[in-house]
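Containing TSV, C-alpha atoms: data.tsv.
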```tsv
chain	number	residue	atom	x	y	z
A	4	MET	CA	-41.67	14.87	-19.67
A	5	SER	CA	-38.20	16.19	-20.44
A	6	LYS	CA	-37.73	17.45	-16.86
A	7	PHE	CA	-38.58	13.98	-15.61
A	8	LYS	CA	-35.95	12.47	-17.91
A	9	THR	CA	-33.41	15.04	-16.77
A	10	VAL	CA	-34.04	14.24	-13.09
A	11	CYS	CA	-33.79	10.51	-13.80
A	12	GLY	CA	-30.54	11.08	-15.69
A	13	VAL	CA	-29.05	12.99	-12.76
A	14	ILE	CA	-30.13	10.25	-10.34
A	15	ALA	CA	-28.57	7.63	-12.64
A	16	PHE	CA	-25.35	9.66	-12.74
A	17	VAL	CA	-25.21	9.77	-8.93
A	18	LEU	CA	-26.07	6.06	-8.64
A	19	PHE	CA	-23.17	5.18	-10.94
A	20	PHE	CA	-20.70	6.84	-8.58
A	21	LEU	CA	-22.38	5.27	-5.55
A	22	MET	CA	-21.91	1.89	-7.22
A	23	LEU	CA	-18.23	2.63	-7.83
A	24	GLY	CA	-17.87	3.72	-4.20
A	25	ALA	CA	-19.43	0.46	-3.02
A	26	VAL	CA	-16.94	-1.54	-5.12
A	27	GLY	CA	-14.10	0.56	-3.70
A	28	ALA	CA	-15.36	-0.06	-0.15
A	29	ILE	CA	-15.26	-3.81	-0.81
A	30	GLU	CA	-11.76	-3.60	-2.25
A	31	GLN	CA	-10.48	-1.54	0.69
A	32	ASP	CA	-11.98	-4.05	3.17
A	33	ILE	CA	-14.30	-1.43	4.67
A	34	VAL	CA	-17.42	-3.46	3.88
A	35	PRO	CA	-17.63	-7.28	4.07
A	36	LEU	CA	-17.79	-9.05	0.72
A	37	PHE	CA	-21.35	-10.44	0.73
A	38	PRO	CA	-23.18	-7.33	2.02
A	39	GLY	CA	-21.03	-5.22	-0.28
A	40	MET	CA	-21.91	-7.26	-3.36
A	41	VAL	CA	-25.60	-7.13	-2.41
A	42	ARG	CA	-25.25	-3.35	-2.24
A	43	VAL	CA	-23.44	-3.24	-5.59
A	44	PHE	CA	-26.12	-5.32	-7.33
A	45	ALA	CA	-28.92	-3.25	-5.78
A	46	LEU	CA	-27.25	-0.03	-6.94
A	47	MET	CA	-26.65	-1.55	-10.38
A	48	ALA	CA	-30.34	-2.48	-10.68
A	49	LEU	CA	-31.37	1.04	-9.64
A	50	TRP	CA	-28.84	2.53	-12.07
A	51	VAL	CA	-30.28	0.51	-14.96
A	52	LEU	CA	-33.81	1.48	-13.92
A	53	PHE	CA	-33.06	5.20	-13.86
A	54	CYS	CA	-31.06	4.99	-17.09
A	55	ASN	CA	-34.10	3.37	-18.66
A	56	LEU	CA	-36.42	6.05	-17.27
A	57	ALA	CA	-34.06	8.74	-18.52
A	58	GLY	CA	-34.21	7.27	-22.01
A	59	ALA	CA	-30.58	6.21	-22.23
A	60	PHE	CA	-31.46	2.94	-23.96
A	61	ASP	CA	-33.81	4.48	-26.53
A	62	TYR	CA	-31.02	4.84	-29.07
A	63	THR	CA	-28.71	1.98	-28.17
A	64	ALA	CA	-31.13	-0.91	-27.45
A	65	PRO	CA	-32.53	-1.25	-31.00
A	66	VAL	CA	-29.00	-1.58	-32.36
A	67	ALA	CA	-28.14	-4.30	-29.85
A	68	PHE	CA	-31.37	-6.24	-30.39
A	69	ALA	CA	-31.09	-5.95	-34.16
A	70	MET	CA	-27.89	-7.98	-34.02
A	71	GLY	CA	-29.82	-11.07	-32.86
A	72	ALA	CA	-32.59	-10.72	-35.43
A	73	SER	CA	-30.67	-11.95	-38.46
A	74	GLN	CA	-28.73	-15.15	-39.04
A	75	THR	CA	-25.76	-13.21	-40.39
A	76	THR	CA	-25.45	-10.97	-37.32
A	77	SER	CA	-26.40	-13.50	-34.64
A	78	ASN	CA	-22.72	-14.31	-34.04
A	79	ILE	CA	-22.09	-10.65	-33.25
A	80	TRP	CA	-24.88	-10.72	-30.67
A	81	LYS	CA	-23.56	-13.94	-29.09
A	82	SER	CA	-20.04	-12.52	-28.93
A	83	TRP	CA	-21.32	-9.31	-27.36
A	84	CYS	CA	-23.23	-11.27	-24.70
A	85	ARG	CA	-20.14	-13.39	-23.94
A	86	MET	CA	-18.04	-10.22	-23.66
A	87	LEU	CA	-20.54	-8.63	-21.25
A	88	GLY	CA	-20.70	-11.77	-19.13
A	89	GLY	CA	-16.92	-11.96	-19.06
A	90	GLN	CA	-16.61	-8.37	-17.92
A	91	ILE	CA	-19.11	-8.91	-15.10
A	92	PHE	CA	-17.22	-12.07	-14.09
A	93	LEU	CA	-13.93	-10.13	-14.09
A	94	LEU	CA	-15.46	-7.43	-11.89
A	95	LEU	CA	-16.58	-10.03	-9.36
A	96	MET	CA	-13.23	-11.83	-9.43
A	97	ASN	CA	-11.40	-8.52	-9.00
A	98	ALA	CA	-13.32	-7.70	-5.83
A	99	TRP	CA	-12.92	-11.23	-4.49
A	100	CYS	CA	-9.18	-11.52	-5.23
A	101	LEU	CA	-8.38	-8.11	-3.77
A	102	ARG	CA	-10.34	-9.01	-0.66
A	103	LEU	CA	-8.46	-12.31	-0.41
A	104	PHE	CA	-5.10	-10.58	-0.93
A	105	THR	CA	-5.72	-7.91	1.71
A	106	SER	CA	-6.82	-10.51	4.24
A	107	MET	CA	-3.71	-12.64	3.58
A	108	VAL	CA	-1.24	-9.75	3.75
A	109	GLY	CA	-2.69	-8.59	7.05
A	110	SER	CA	-2.03	-11.97	8.65
A	111	PHE	CA	1.77	-11.93	8.09
A	112	ARG	CA	3.93	-10.73	10.96
A	113	VAL	CA	7.15	-8.84	10.42
```

Could I get this structure in the form of C-alpha cells?
Amino acid sequence: MSKFKTVCGVIAFVLFFLMLGAVGAIEQDIVPLFPGMVRVFALMALWVLFCNLAGAFDYTAPVAFAMGASQTTSNIWKSWCRMLGGQIFLLLMNAWCLRLFTSMVGSFRV
C-alpha cells in the first residue's frame, strides 16, 4: 500500500505544476480564458483526488473539521472557509484581470 501512496504522491506533485502551467498559459494569453479555466479546475480536481489517495489529508483534515465541531471554535472554521473562498476568488480575478490587461495593451498603436 505504501508504494501506491508514493505513486499517487508523485502524480499529485506533477499535477500541481501542470495546474500552475495552465494558469500561466492563461495569463500569457496562450490559452483562451474559458478553456483554460476548465483545464485548471480539472487539474485541481485531479490534484485533490491524488492528494487524497496519497494520504495527504489524513493528518490535516481532522484538525480542520474539529474546528467546526465546537461552538467555541466554529468562528475559526467560518473564518478559514471565508479565507479559502477569498483566495480562490483572487486567483480567478488575477487571471481575468491579466487577460483583460494584455488584450487592452495589444490594441494600442504607437

Excluding Arg42 (chain A) and its own-chain neighbours fewer than 6 positions away, which residues fall within 10 Å of it when counting all atoms listed in the file? Please give them as a list in words.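 Selected residues are Leu21, Met22, Ala25, Val26, Val34, Leu36 and Ala48 of chain A.
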
Quick one: what's the axis-aligned box for region 75-94 of chain A, all listed atoms, 5 Å on every side, centre and edges in Å to one decimal, as lines of an AutoDock Vina configuration file?
```
center_x = -20.2
center_y = -10.9
center_z = -26.1
size_x = 22.5
size_y = 16.9
size_z = 38.5
```

Please report the interatomic distance between CA of Ala57 (chain A) and CA of Phe19 (chain A) in Å with one decimal. 13.7 Å

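Of note, CA of Phe37 (chain A) and CA of Leu49 (chain A) are spaced 18.4 Å apart.
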
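Of the residues listed (A:Glu30, A:Leu18, A:Cys84, A:Phe60), A:Leu18 shows the shortest atom-to-atom separation from Ala45 (chain A); distances use only C-alpha atoms.
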
With all atoms listed in the file as the atoms that count, which of A:Cys54, A:Leu94, A:Val43, A:Leu101 lies nearest to Thr9 (chain A)?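 Residue with the minimum atom-to-atom distance to Thr9 (chain A): A:Cys54.
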
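Checking A:Ser77, A:Arg102, A:Ile14, A:Gly88 one by one against Leu52 (chain A), counting only C-alpha atoms, you find the shortest gap at A:Ile14.
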
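Here CA of Thr76 (chain A) and CA of Ile91 (chain A) stand 23.2 Å from one another.
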